[in-house]
Amino acid sequence: MTINLPQRTAAVYKEADVLVVGGGPAGIGAAVAAARSGSRVILLEKRGFLGGNITASYVETCNHFFHNLTFKASGIYGELEQSYRAKFGSSGDIRPNAQHRFSSEYLKIFLDTFVADAGVEIFLHSFVNEVVREGNKITHVVIQGKQGPVAIKAAQIIDCTGDGDVAFAAGVPFDQGRDRDHRCQPGTVNFRITGVDAEFMLKGGEDHLKVIGKRFREDYRAGKTGLSCKRQDIPMGRMTQAGQISYINYPCAYGIDPTSFADLTRGETECRRYILEMLDYMKKNFEGFDKTELASIAPEIGFRDSRRIHGDYRLTIDDVLSGRHFDDEIALFPQFYDMLSPDANMNEGSPQDAGYNGYICSYPKDGLNFEIPYRTLLPQGLDNLLVAGRCISADHVAESGVRAISACMYTGQAAGTAAGIACKKSLTPRTISVKELQDVLRTQNLKL
Ligand SMILES: Cc1cc2nc3c(=O)[nH]c(=O)nc-3n(C[C@H](O)[C@H](O)[C@H](O)COP(=O)(O)OP(=O)(O)OC[C@H]3O[C@@H](n4cnc5c(N)ncnc54)[C@H](O)[C@@H]3O)c2cc1C
């Protein structure tokens, strides 16, 4: 059954050259790059803080897979990591050989000024799910606020919502999840604990958390844990002197459509049950965890994939694995993919299975990289919209490579720079010179 909604009017609150929707890794890259190109930029974020999955889902271990590689973070991501480190050091992490990790709490504070200092006007609590479209152009984006709908007018718009919400509202076709049945990777609610015996964990210069993780996997596979959550891995993030482990990436809810409120409700509640079960399991089975307490649960369930919009080119896993060269390359990234099976299947799958037969993960090896072409950021049928981050045009397995946090910031940086060029030259993102875009990105130290 459907009903017709009453017609409404909305005040036009502001006008921008470039409007970025979504303040996660992609949105930060896009907004900062567009502002640095001289455009008037507005960034809209539905939550009360920036950072996307890093802060809202505690995904603090960005780029852990760069560890031991010669590939170093570049562009705005590299700059952000460096200046964060100058201010907050290792975020209290005492794990040996730890690669850089953010604290999601310090990062919230850091991002407020990092983004504003670039000249971006930020509006939080600004949820967008409606646009005004005229032909191939979006003229306005509508914020659903508590005071009613409010419109922002913009020349160029960049969708960095992770779910492709702006593109969806504008009618752009998309894929979601696995081709066969549209199932996405599981959703996860990460959590944080305190009271771990930090001294014991590092005894003898060892990282005992790694040992615990390995043993947990073996026990899970041997059917010994009795836990109801289908997850064999238990990645853990920063450990502080005070015995806090800031990020435990464990509960998985399967078969959740990240765009359905009914499914999201099931995912959040199911994951919270798994957290309680795991907390009890840890106390009883992990050495040094007996005095552990639950410190906090991430504000929201996090997703690794969601809608992937149809762009002028669809990046494939073969492109990733073959390191295919594209003349319109806008970012280079270590060859990597990491996909949790949508079926809770703990076998080892292969990229060709596309997640049909089990978990597939390939950590980068030195010298093996892949290129992301500009056309994956250009949604079909629209002339003033770009997308960046995990919702760009890619197949399901290729997305599990481009979803890496720094890669999302790279595509954001490219989209922001392209939108800035389009504004300056009164062109569209599709008609700008890709060579000029690449030249500007190189001057911004983005690795191509
Ligand atoms: C459990 C888990 C573990 C992960 N582990 C790693 C890892 O170890 N390393 C790694 O690199 N990556 C990891 N990822 C993937 C990574 O977190 C994401 O792929 C990445 O954050 C995507 O960035 P994004 O900017 O595209 O989207 P998001 O991070 O999802 O940011 C989107 C932003 O847009 C906002 N938004 C959404 N919709 C709207 C709307 N309609 N209106 C206004 N604002 C909106 C959101 O609030 C959010 O701030 C993990 C993800 C999960 C869930």
# chains A, B, ... in the order shown; residues from 1 in each chain; ligands from 1

$ closest_atom_pairs --of "region 169-195 of chain A" --to "region 113-135 of chain A" --cutoff "10 Å" --atoms "only C-alpha atoms" --output "CSV"
residue,atom,partner,partner_atom,distance
A:Ala169,CA,A:Glu130,CA,5.4
A:Ala170,CA,A:Val131,CA,6.2
A:Gly171,CA,A:Arg133,CA,9.4

$ closest_atom_pairs --of "chain A" --to "ligand 1" --cutoff "7 Å" --atoms "only C-alpha atoms and all ligand atoms" --output "CSV"
residue,atom,partner,partner_atom_place_in_ligand_line,distance
A:Val21,CA,ligand 1,43 (C),5.4
A:Gly22,CA,ligand 1,34 (O),3.2
A:Gly23,CA,ligand 1,49 (O),4.4
A:Gly24,CA,ligand 1,31 (O),3.5
A:Pro25,CA,ligand 1,25 (O),4.0
A:Ala26,CA,ligand 1,25 (O),3.8
A:Gly27,CA,ligand 1,25 (O),5.6
A:Leu44,CA,ligand 1,43 (C),5.7
A:Glu45,CA,ligand 1,44 (N),4.0
A:Lys46,CA,ligand 1,44 (N),3.9
A:Arg47,CA,ligand 1,47 (O),5.2
A:Leu50,CA,ligand 1,49 (O),5.7
A:Gly51,CA,ligand 1,49 (O),5.6
A:Gly52,CA,ligand 1,49 (O),3.2
A:Asn53,CA,ligand 1,29 (O),3.9
A:Ile54,CA,ligand 1,17 (O),6.0
A:Ser57,CA,ligand 1,53 (C),6.5
A:Val59,CA,ligand 1,4 (C),5.4
A:Thr61,CA,ligand 1,8 (O),4.9
A:Cys62,CA,ligand 1,9 (N),4.3
A:Asn63,CA,ligand 1,11 (O),5.2
A:His64,CA,ligand 1,8 (O),6.5
A:Ser126,CA,ligand 1,43 (C),5.6
A:Phe127,CA,ligand 1,42 (N),3.8
A:Val128,CA,ligand 1,42 (N),4.0
A:Asn129,CA,ligand 1,41 (N),5.3
A:Cys160,CA,ligand 1,25 (O),5.6
A:Thr161,CA,ligand 1,34 (O),3.7
A:Gly162,CA,ligand 1,27 (O),3.9
A:Asp163,CA,ligand 1,38 (N),6.2
A:Asp165,CA,ligand 1,41 (N),5.2
A:Val166,CA,ligand 1,41 (N),7.0
A:Gly187,CA,ligand 1,53 (C),6.3
A:Thr188,CA,ligand 1,1 (C),4.8
A:Val189,CA,ligand 1,1 (C),6.7
A:Asn190,CA,ligand 1,1 (C),6.4
A:Asn249,CA,ligand 1,1 (C),5.7
A:Gly302,CA,ligand 1,53 (C),3.7
A:Phe303,CA,ligand 1,53 (C),3.9
A:Arg304,CA,ligand 1,51 (C),4.5
A:Asp305,CA,ligand 1,19 (O),6.9
A:Ala388,CA,ligand 1,26 (O),6.4
A:Gly389,CA,ligand 1,26 (O),3.3
A:Arg390,CA,ligand 1,26 (O),4.1
A:Cys391,CA,ligand 1,26 (O),6.3
A:Arg403,CA,ligand 1,19 (O),3.8
A:Ala404,CA,ligand 1,11 (O),3.4
A:Ile405,CA,ligand 1,11 (O),3.7
A:Ser406,CA,ligand 1,11 (O),6.2
A:Cys408,CA,ligand 1,23 (O),5.4
A:Met409,CA,ligand 1,25 (O),7.0

$ atom_distance --atom1 "CA of Ser37 (chain A)" --atom2 "CA of Ile372 (chain A)"
21.5 Å

$ residues_around --residues "Lys291 (chain A)" --least-positions-apart "6" --cutoff "9 Å" --atoms "only C-alpha atoms" --output "PyMOL selection string"
chain A and resi 194-197+283

$ residues_around --residues "Gln444 (chain A)" --least-positions-apart "3" --cutoff "8 Å" --atoms "only C-alpha atoms" --output "PDB file with C-alpha atoms, in the first residue's frame"
ATOM      1  CA  GLY A  75      47.635  12.857  -0.230  1.00  0.00           C
ATOM      2  CA  ILE A  76      45.216  14.298   2.320  1.00  0.00           C
ATOM      3  CA  VAL A 440      46.725  18.771  -9.723  1.00  0.00           C
ATOM      4  CA  LEU A 441      46.456  15.529  -7.720  1.00  0.00           C
TER       5      LEU A 441
END

$ atom_distance --atom1 "CA of Ser296 (chain A)" --atom2 "CA of Gly48 (chain A)"
17.4 Å

$ closest_residue --among "A:Ile309, A:Ala419, A:Ala30, A:Ala331" --to "Gly164 (chain A)" --atoms "only C-alpha atoms"
A:Ile309

$ closest_residue --among "A:Thr70, A:Gln144, A:Ser104, A:Thr9" --to "Ala56 (chain A)" --atoms "only C-alpha atoms"
A:Ser104

$ select_by_dssp --residues "region 1-184 of chain A" --states "strand (DSSP E or B)" --output "JSON, numbers by chain"
{"A": [11, 12, 13, 14, 15, 16, 17, 18, 19, 20, 21, 41, 42, 43, 44, 120, 121, 122, 123, 127, 128, 129, 130, 131, 132, 133, 134, 137, 138, 139, 140, 141, 142, 143, 144, 145, 148, 149, 150, 151, 152, 153, 154, 155, 156, 157, 158, 159, 174, 175, 176]}

$ write_last_selection --atoms "C-alpha atoms" --output "mmCIF file, in the first residue's frame"
data_model
loop_
_atom_site.group_PDB
_atom_site.id
_atom_site.type_symbol
_atom_site.label_atom_id
_atom_site.label_comp_id
_atom_site.auth_asym_id
_atom_site.auth_seq_id
_atom_site.Cartn_x
_atom_site.Cartn_y
_atom_site.Cartn_z
ATOM 1 C CA ALA A 11 13.700 27.512 2.568
ATOM 2 C CA VAL A 12 16.981 27.720 0.634
ATOM 3 C CA TYR A 13 19.330 28.049 3.565
ATOM 4 C CA LYS A 14 22.707 28.391 1.815
ATOM 5 C CA GLU A 15 24.451 28.205 -1.510
ATOM 6 C CA ALA A 16 27.772 26.518 -2.280
ATOM 7 C CA ASP A 17 30.032 25.834 -5.225
ATOM 8 C CA VAL A 18 30.626 22.308 -3.971
ATOM 9 C CA LEU A 19 28.335 20.465 -1.579
ATOM 10 C CA VAL A 20 29.696 17.295 0.017
ATOM 11 C CA VAL A 21 27.241 14.939 1.707
ATOM 12 C CA VAL A 41 32.345 24.243 0.203
ATOM 13 C CA ILE A 42 29.605 22.976 2.504
ATOM 14 C CA LEU A 43 29.866 19.570 4.183
ATOM 15 C CA LEU A 44 26.695 17.910 5.502
ATOM 16 C CA VAL A 120 34.894 24.067 4.774
ATOM 17 C CA GLU A 121 31.571 25.089 6.301
ATOM 18 C CA ILE A 122 30.379 22.089 8.294
ATOM 19 C CA PHE A 123 26.794 21.256 9.255
ATOM 20 C CA PHE A 127 20.465 14.072 7.104
ATOM 21 C CA VAL A 128 19.907 14.100 3.347
ATOM 22 C CA ASN A 129 17.577 11.803 1.445
ATOM 23 C CA GLU A 130 15.995 14.096 -1.098
ATOM 24 C CA VAL A 131 17.205 16.190 -4.038
ATOM 25 C CA VAL A 132 15.660 18.519 -6.571
ATOM 26 C CA ARG A 133 16.602 17.327 -10.030
ATOM 27 C CA GLU A 134 16.133 19.222 -13.282
ATOM 28 C CA LYS A 137 21.336 18.299 -12.937
ATOM 29 C CA ILE A 138 20.698 18.328 -9.223
ATOM 30 C CA THR A 139 19.862 21.923 -8.335
ATOM 31 C CA HIS A 140 19.290 21.473 -4.589
ATOM 32 C CA VAL A 141 19.906 18.950 -1.864
ATOM 33 C CA VAL A 142 17.354 18.765 0.945
ATOM 34 C CA ILE A 143 18.294 18.366 4.624
ATOM 35 C CA GLN A 144 15.623 16.679 6.758
ATOM 36 C CA GLY A 145 15.977 18.708 9.937
ATOM 37 C CA GLY A 148 11.430 20.750 8.610
ATOM 38 C CA PRO A 149 13.111 20.404 5.235
ATOM 39 C CA VAL A 150 15.827 22.904 4.316
ATOM 40 C CA ALA A 151 17.435 23.168 0.879
ATOM 41 C CA ILE A 152 21.051 23.862 -0.104
ATOM 42 C CA LYS A 153 21.781 25.031 -3.623
ATOM 43 C CA ALA A 154 25.037 23.880 -5.162
ATOM 44 C CA ALA A 155 26.781 23.790 -8.511
ATOM 45 C CA GLN A 156 28.573 20.484 -7.874
ATOM 46 C CA ILE A 157 27.571 17.768 -5.439
ATOM 47 C CA ILE A 158 29.660 14.886 -4.093
ATOM 48 C CA ASP A 159 27.944 11.858 -2.557
ATOM 49 C CA PHE A 174 23.036 0.888 -8.435
ATOM 50 C CA ASP A 175 24.095 -2.587 -7.347
ATOM 51 C CA GLN A 176 24.003 -3.808 -3.806
#

$ closest_residue --among "A:Ser341, A:Asn369, A:Ser426, A:Thr316" --to "Asn357 (chain A)" --atoms "only C-alpha atoms"
A:Ser341

$ atom_distance --atom1 "CA of Asp290 (chain A)" --atom2 "CA of Thr225 (chain A)"
16.9 Å
